[in-house]
Amino acid sequence: MKSYAYIRSLLLLLVLAVAASCDHIDNKAVPGFAVRIDLGNYALWNTYGVNGMGDYRIFNREKGLPANFPYNINTYTGYGGVLLMMGIDAPLAYDLACPVEQSQNITLSINADNYEAVCPSCGSHFNPLTGMGGPVSGVAINNKLGMRVYRVTPTGGGYMISN
C-alpha cells in the first residue's frame, strides 16, 4: 500500500513539473507606470479612437502625441507611451516601451505592412493584433518577453484605457 502512495506522489510531481515547464510569455517586463486615458465620450473616441482592424494611435503625454489631445491632470500614458490598436474585434492597448530594452526612450514603432510592433534597438517584433502583444521574432522571442498589456474598458460612448 505504501508503494502505491509513493508511485502516486511521484506521478503527481512529474505532472506538476511538466505543467510548470510550459512556455509562458512575460508581459510585465516593462515597469508598471500609471495609465489612464479617457476616451469615454463619442467626440473623443471619434477624434482619437481607432476603428478598423490595424488602425492605431499613439498616446504619449511627454511628446504631445496625439497632437491636440486634451491631456489633463488625470491623464497618464505609462512608461514608454501607449499604443491603442484596433484588434480583430475590439480595441487593444499596450505600453510602447520595448520589453527587451526596458527603457522609456526606446519605443516600438508599427510596421504598416503587417501591423507588427518593431524595436529599433534590438530588432524584436511583436504582434499587437492578437490581444497579447506576444513576440514574433528577435531577442524577445528567445527571452519570452511580450508587450505590457493595458485594459480597454467600454464606457457609454467610447473607451477608458487603464492598468
# chains A, B, ... in the order shown; residues from 1 in each chain; ligands from 1
>>> select_by_dssp(residues="region 27-122 of chain A", states="strand (DSSP E)", output="list of chain:residue names")
A:Val35, A:Arg36, A:Ile37, A:Asp38, A:Leu39, A:Tyr56, A:Arg57, A:Ile58, A:Phe59, A:Tyr76, A:Thr77, A:Val82, A:Leu83, A:Leu84, A:Met85, A:Met86, A:Pro91, A:Leu92, A:Ala93, A:Tyr94, A:Asp95, A:Ser109, A:Ile110, A:Ala117, A:Val118
>>> residues_around(residues="Ser137 (chain A)", least_positions_apart="3", cutoff="6 Å", atoms="only C-alpha atoms", output="list in words")
Ser124, His125 and Ile141 of chain A
>>> select_by_dssp(residues="region 37-142 of chain A", states="alpha helix (DSSP H)", output="PyMOL selection string")
chain A and resi 42-48+139-142
>>> write_last_selection(atoms="C-alpha atoms", output="mmCIF file, in the first residue's frame")
data_model
loop_
_atom_site.group_PDB
_atom_site.id
_atom_site.type_symbol
_atom_site.label_atom_id
_atom_site.label_comp_id
_atom_site.auth_asym_id
_atom_site.auth_seq_id
_atom_site.Cartn_x
_atom_site.Cartn_y
_atom_site.Cartn_z
ATOM 1 C CA TYR A 42 -18.358 59.894 -28.606
ATOM 2 C CA ALA A 43 -16.499 63.082 -29.526
ATOM 3 C CA LEU A 44 -13.188 61.951 -28.017
ATOM 4 C CA TRP A 45 -13.498 58.412 -29.373
ATOM 5 C CA ASN A 46 -14.423 59.638 -32.868
ATOM 6 C CA THR A 47 -11.443 62.018 -32.870
ATOM 7 C CA TYR A 48 -8.745 59.970 -31.108
ATOM 8 C CA VAL A 139 15.648 38.600 -28.829
ATOM 9 C CA ALA A 140 12.151 38.933 -27.363
ATOM 10 C CA ILE A 141 11.069 35.518 -28.652
ATOM 11 C CA ASN A 142 14.183 33.865 -27.200
#
>>> residues_around(residues="Leu65 (chain A)", least_positions_apart="2", cutoff="12 Å", atoms="only C-alpha atoms", output="list in words")
Tyr48, Arg57, Ile58, Phe59, Asn60, Arg61, Glu62, Lys63, Ala67, Asn68, Phe69, Pro70, Tyr71, Thr77, Gly80, Gly81, Val82, Leu83 and Leu84 of chain A
>>> residues_around(residues="Met85 (chain A)", least_positions_apart="6", cutoff="10 Å", atoms="only C-alpha atoms", output="VMD selection string")
chain A and resid 49 to 58 91 to 94 115 128 to 129 131
>>> write_last_selection(atoms="C-alpha atoms", output="PDB file, in the first residue's frame")
ATOM      1  CA  GLY A  49     -10.038  56.389 -31.135  1.00  0.00           C
ATOM      2  CA  VAL A  50      -9.456  53.566 -33.609  1.00  0.00           C
ATOM      3  CA  ASN A  51     -11.998  51.923 -35.898  1.00  0.00           C
ATOM      4  CA  GLY A  52     -10.820  49.349 -38.457  1.00  0.00           C
ATOM      5  CA  MET A  53      -8.565  46.369 -37.770  1.00  0.00           C
ATOM      6  CA  GLY A  54      -4.934  47.514 -37.614  1.00  0.00           C
ATOM      7  CA  ASP A  55      -5.887  51.170 -37.141  1.00  0.00           C
ATOM      8  CA  TYR A  56      -3.709  52.568 -34.352  1.00  0.00           C
ATOM      9  CA  ARG A  57      -2.964  55.673 -32.338  1.00  0.00           C
ATOM     10  CA  ILE A  58      -0.020  56.525 -30.072  1.00  0.00           C
ATOM     11  CA  PRO A  91      -9.599  47.915 -29.307  1.00  0.00           C
ATOM     12  CA  LEU A  92      -6.401  46.809 -27.543  1.00  0.00           C
ATOM     13  CA  ALA A  93      -3.763  48.803 -25.641  1.00  0.00           C
ATOM     14  CA  TYR A  94      -0.087  48.234 -24.824  1.00  0.00           C
ATOM     15  CA  TYR A 115       0.900  45.693 -38.113  1.00  0.00           C
ATOM     16  CA  PRO A 128      -0.308  43.618 -31.045  1.00  0.00           C
ATOM     17  CA  LEU A 129      -3.321  42.384 -33.068  1.00  0.00           C
ATOM     18  CA  GLY A 131      -4.594  40.872 -27.745  1.00  0.00           C
TER      19      GLY A 131
END
>>> atom_distance(atom1="CA of Ile106 (chain A)", atom2="CA of Gly134 (chain A)")
17.8 Å
>>> residues_around(residues="Asn74 (chain A)", least_positions_apart="2", cutoff="10 Å", atoms="only C-alpha atoms", output="VMD selection string")
chain A and resid 35 to 38 71 to 72 76
>>> write_last_selection(atoms="C-alpha atoms", output="PDB file, in the first residue's frame")
ATOM      1  CA  VAL A  35      -2.115  54.549 -17.305  1.00  0.00           C
ATOM      2  CA  ARG A  36      -5.372  56.444 -17.629  1.00  0.00           C
ATOM      3  CA  ILE A  37      -6.612  57.739 -20.958  1.00  0.00           C
ATOM      4  CA  ASP A  38     -10.257  58.744 -21.019  1.00  0.00           C
ATOM      5  CA  TYR A  71      -4.376  65.947 -21.683  1.00  0.00           C
ATOM      6  CA  ASN A  72      -5.305  66.840 -18.111  1.00  0.00           C
ATOM      7  CA  TYR A  76      -1.254  59.091 -17.610  1.00  0.00           C
TER       8      TYR A  76
END
>>> atom_distance(atom1="CA of Gln102 (chain A)", atom2="CA of Met132 (chain A)")
17.7 Å
>>> closest_residue(among="A:Leu39, A:Val136, A:Ile110, A:Leu96", to="Ile161 (chain A)", atoms="only C-alpha atoms")
A:Leu39
>>> closest_residue(among="A:Leu108, A:Ile73, A:Cys119, A:Ala34", to="Ser162 (chain A)", atoms="only C-alpha atoms")
A:Ala34
>>> atom_distance(atom1="CA of Thr130 (chain A)", atom2="CA of Gly64 (chain A)")
27.4 Å
>>> closest_residue(among="A:Arg151, A:Gln104, A:Gly133, A:Tyr79", to="Ala117 (chain A)", atoms="only C-alpha atoms")
A:Gly133
